[in-house]
Amino acid sequence: MRYLHTMLRVGDLQRSIDFYTGVLGFTEVRRADYPKGEFTLAFLRAPGDDDSGPMLELTYNWGVDHYELGDAYGHVAFQVDSVEAVGERLAAAGHSFSWGPGKTPDGATTMAFIDDPDGYRIELLAYQ
């Protein structure tokens with residue numbers, strides 16, 4: 001068994017791709033329209049992941065511009081070299097942390113949270 005991807009439904013595909021690629025440094029691997037199903041899929045790879053690593057799948061259902069996230073969803077987490085450096089890129093793009101930066105409960109790791117354009121929580125972890 002191998003972990004392949006996490007799928008997030010988004011209300012504006014290009015806005016989400018711009019956020020993940022421009023602010024977080026992801027690379028768009030592929031995108032495909034499915035006219036019969038009226039949706040578009042975009043697959044993104046996080047910086048530092050190799051070609052066989054897991055991806056983030058952004059799903060845009062045509063004509064749907066908003067989703068209620070509910071209270072069961074938690075977050076996705078990404079390891080970063082520097083939470084502070086991500087914070088600088090966020091500020092330059094008009095975004096900010098939704099929490100932190102701070103330390104994990106054991107005090108060993110710097111962490112922060114951001115929200116993507118659709119409100120999905122993203123945890124950033126910089127291991128010392």
# chains A, B, ... in the order shown; residues from 1 in each chain; ligands from 1

$ residues_around --residues "A:Pro101" --least-positions-apart "3" --cutoff "7 Å" --atoms "only C-alpha atoms" --output "ChimeraX atom specification"
/A:110-112

$ closest_residue --among "A:Val29, A:Leu125, A:Ala93, A:Gly87" --to "A:Pro54" --atoms "only C-alpha atoms"
A:Val29

$ closest_residue --among "A:Ala91, A:Ala72, A:Ala42, A:Val86" --to "A:Arg9" --atoms "only C-alpha atoms"
A:Ala42

$ residues_around --residues "A:Leu24" --least-positions-apart "6" --cutoff "9 Å" --atoms "only C-alpha atoms" --output "VMD selection string"
chain A and resid 46 to 47 86 89 to 90

$ residues_around --residues "A:Thr40" --least-positions-apart "6" --cutoff "10 Å" --atoms "only C-alpha atoms" --output "list in words"
Leu13, Arg31, Ala32, Asp33, Tyr34, Leu58, Thr59, Tyr60, Asn61 and Trp62 of chain A

$ write_last_selection --atoms "N, CA, C and O atoms" --output "PDB file, in the first residue's frame"
ATOM      1  N   LEU A  13     -10.433  27.286  -8.784  1.00  0.00           N
ATOM      2  CA  LEU A  13      -9.260  26.450  -9.022  1.00  0.00           C
ATOM      3  C   LEU A  13      -7.998  27.285  -9.202  1.00  0.00           C
ATOM      4  O   LEU A  13      -6.971  27.005  -8.582  1.00  0.00           O
ATOM      5  N   ARG A  31      -3.161  18.733 -14.932  1.00  0.00           N
ATOM      6  CA  ARG A  31      -4.524  19.249 -14.785  1.00  0.00           C
ATOM      7  C   ARG A  31      -5.349  18.655 -15.907  1.00  0.00           C
ATOM      8  O   ARG A  31      -4.890  18.551 -17.039  1.00  0.00           O
ATOM      9  N   ALA A  32      -6.583  18.275 -15.602  1.00  0.00           N
ATOM     10  CA  ALA A  32      -7.454  17.698 -16.626  1.00  0.00           C
ATOM     11  C   ALA A  32      -8.897  18.098 -16.365  1.00  0.00           C
ATOM     12  O   ALA A  32      -9.363  18.087 -15.219  1.00  0.00           O
ATOM     13  N   ASP A  33      -9.591  18.457 -17.453  1.00  0.00           N
ATOM     14  CA  ASP A  33     -11.024  18.742 -17.412  1.00  0.00           C
ATOM     15  C   ASP A  33     -11.789  17.472 -17.731  1.00  0.00           C
ATOM     16  O   ASP A  33     -11.382  16.686 -18.586  1.00  0.00           O
ATOM     17  N   TYR A  34     -12.916  17.299 -17.065  1.00  0.00           N
ATOM     18  CA  TYR A  34     -13.797  16.159 -17.290  1.00  0.00           C
ATOM     19  C   TYR A  34     -15.190  16.695 -17.605  1.00  0.00           C
ATOM     20  O   TYR A  34     -16.042  16.806 -16.704  1.00  0.00           O
ATOM     21  N   LEU A  58      -6.509  19.011  -6.180  1.00  0.00           N
ATOM     22  CA  LEU A  58      -7.522  20.059  -6.062  1.00  0.00           C
ATOM     23  C   LEU A  58      -8.633  19.735  -7.040  1.00  0.00           C
ATOM     24  O   LEU A  58      -8.382  19.562  -8.235  1.00  0.00           O
ATOM     25  N   THR A  59      -9.853  19.636  -6.553  1.00  0.00           N
ATOM     26  CA  THR A  59     -11.007  19.311  -7.381  1.00  0.00           C
ATOM     27  C   THR A  59     -11.914  20.523  -7.468  1.00  0.00           C
ATOM     28  O   THR A  59     -12.369  21.033  -6.444  1.00  0.00           O
ATOM     29  N   TYR A  60     -12.147  20.975  -8.693  1.00  0.00           N
ATOM     30  CA  TYR A  60     -13.097  22.064  -8.919  1.00  0.00           C
ATOM     31  C   TYR A  60     -14.314  21.491  -9.625  1.00  0.00           C
ATOM     32  O   TYR A  60     -14.223  21.009 -10.757  1.00  0.00           O
ATOM     33  N   ASN A  61     -15.454  21.506  -8.940  1.00  0.00           N
ATOM     34  CA  ASN A  61     -16.726  21.098  -9.538  1.00  0.00           C
ATOM     35  C   ASN A  61     -17.324  22.343 -10.187  1.00  0.00           C
ATOM     36  O   ASN A  61     -17.596  23.335  -9.504  1.00  0.00           O
ATOM     37  N   TRP A  62     -17.471  22.286 -11.497  1.00  0.00           N
ATOM     38  CA  TRP A  62     -17.872  23.460 -12.269  1.00  0.00           C
ATOM     39  C   TRP A  62     -19.139  24.081 -11.692  1.00  0.00           C
ATOM     40  O   TRP A  62     -20.133  23.401 -11.416  1.00  0.00           O
TER      41      TRP A  62
END

$ select_by_dssp --residues "stretch 1-67 of chain A" --states "strand (DSSP E)" --output "list in words"
His5, Thr6, Met7, Leu8, Arg9, Thr27, Glu28, Val29, Arg30, Arg31, Ala32, Asp33, Tyr34, Phe39, Thr40, Leu41, Ala42, Phe43, Leu44, Arg45, Met55, Leu56, Glu57, Leu58, Thr59, Tyr60 and Asn61 of chain A

$ closest_residue --among "A:Gly63, A:Gly119, A:Gly102, A:Gly25" --to "A:Gly48" --atoms "only C-alpha atoms"
A:Gly25

$ residues_around --residues "A:Gly11" --least-positions-apart "6" --cutoff "6 Å" --atoms "only C-alpha atoms" --output "PDB file with N, CA and C atoms, in the first residue's frame"
ATOM      1  N   VAL A  64     -19.530  25.461  -8.761  1.00  0.00           N
ATOM      2  CA  VAL A  64     -19.597  25.469  -7.303  1.00  0.00           C
ATOM      3  C   VAL A  64     -18.464  26.356  -6.790  1.00  0.00           C
ATOM      4  N   ASP A  65     -18.823  27.462  -6.119  1.00  0.00           N
ATOM      5  CA  ASP A  65     -17.778  28.399  -5.693  1.00  0.00           C
ATOM      6  C   ASP A  65     -17.540  28.415  -4.188  1.00  0.00           C
ATOM      7  N   HIS A  66     -18.229  27.531  -3.443  1.00  0.00           N
ATOM      8  CA  HIS A  66     -18.065  27.532  -1.992  1.00  0.00           C
ATOM      9  C   HIS A  66     -18.489  26.186  -1.414  1.00  0.00           C
TER      10      HIS A  66
END

$ closest_residue --among "A:Tyr127, A:His5, A:Ala85, A:Tyr120" --to "A:Tyr67" --atoms "only C-alpha atoms"
A:Tyr120

$ select_by_dssp --residues "stretch 23-107 of chain A" --states "helix (DSSP H, G or I)" --output "compact mmCIF listing (two decimals) with all heavy atoms, in the first residue's frame"
# COMPACT_ATOMS: atom_id res chain seq x y z
N VAL A 23 2.67 30.81 -3.19
CA VAL A 23 2.97 31.11 -1.79
C VAL A 23 3.73 29.96 -1.13
O VAL A 23 4.70 30.18 -0.41
CB VAL A 23 1.68 31.44 -1.01
CG1 VAL A 23 1.99 31.68 0.46
CG2 VAL A 23 0.98 32.65 -1.61
N VAL A 83 9.60 28.05 9.31
CA VAL A 83 8.27 28.62 9.44
C VAL A 83 8.32 30.13 9.20
O VAL A 83 7.45 30.70 8.56
CB VAL A 83 7.67 28.28 10.83
CG1 VAL A 83 6.41 29.08 11.09
CG2 VAL A 83 7.39 26.79 10.94
N GLU A 84 9.38 30.75 9.67
CA GLU A 84 9.53 32.20 9.50
C GLU A 84 9.63 32.58 8.03
O GLU A 84 9.05 33.58 7.59
CB GLU A 84 10.74 32.71 10.27
CG GLU A 84 10.59 32.63 11.79
CD GLU A 84 10.78 31.21 12.36
OE1 GLU A 84 11.29 30.31 11.65
OE2 GLU A 84 10.39 31.01 13.52
N ALA A 85 10.36 31.80 7.24
CA ALA A 85 10.48 32.08 5.80
C ALA A 85 9.13 31.95 5.11
O ALA A 85 8.79 32.75 4.24
CB ALA A 85 11.51 31.15 5.16
N VAL A 86 8.35 30.95 5.48
CA VAL A 86 7.00 30.82 4.92
C VAL A 86 6.16 32.02 5.33
O VAL A 86 5.39 32.56 4.53
CB VAL A 86 6.34 29.50 5.35
CG1 VAL A 86 4.89 29.44 4.88
CG2 VAL A 86 7.11 28.30 4.81
N GLY A 87 6.32 32.47 6.58
CA GLY A 87 5.59 33.65 7.04
C GLY A 87 5.90 34.88 6.21
O GLY A 87 5.00 35.67 5.91
N GLU A 88 7.15 35.04 5.81
CA GLU A 88 7.54 36.17 4.96
C GLU A 88 6.87 36.07 3.59
O GLU A 88 6.39 37.06 3.05
CB GLU A 88 9.06 36.23 4.82
CG GLU A 88 9.77 36.62 6.10
CD GLU A 88 11.27 36.46 6.03
OE1 GLU A 88 11.82 36.18 4.93
OE2 GLU A 88 11.92 36.59 7.09
N ARG A 89 6.84 34.86 3.01
CA ARG A 89 6.18 34.66 1.71
C ARG A 89 4.69 34.90 1.83
O ARG A 89 4.07 35.48 0.93
CB ARG A 89 6.47 33.26 1.16
CG ARG A 89 7.91 33.07 0.74
CD ARG A 89 8.13 31.88 -0.18
NE ARG A 89 7.49 30.66 0.19
CZ ARG A 89 8.06 29.67 0.89
NH1 ARG A 89 9.28 29.78 1.33
NH2 ARG A 89 7.38 28.57 1.15
N LEU A 90 4.09 34.46 2.94
CA LEU A 90 2.66 34.69 3.17
C LEU A 90 2.38 36.19 3.21
O LEU A 90 1.46 36.68 2.55
CB LEU A 90 2.21 34.06 4.48
CG LEU A 90 2.05 32.56 4.53
CD1 LEU A 90 1.88 32.09 5.96
CD2 LEU A 90 0.89 32.11 3.68
N ALA A 91 3.16 36.93 3.99
CA ALA A 91 2.94 38.38 4.14
C ALA A 91 3.09 39.08 2.80
O ALA A 91 2.29 39.97 2.46
CB ALA A 91 3.92 38.95 5.16
N ALA A 92 4.08 38.68 2.01
CA ALA A 92 4.29 39.30 0.70
C ALA A 92 3.11 39.06 -0.23
O ALA A 92 2.84 39.86 -1.13
CB ALA A 92 5.58 38.77 0.07

$ atom_distance --atom1 "atom CA of A:Arg30" --atom2 "atom CA of A:Ile17"
11.3 Å
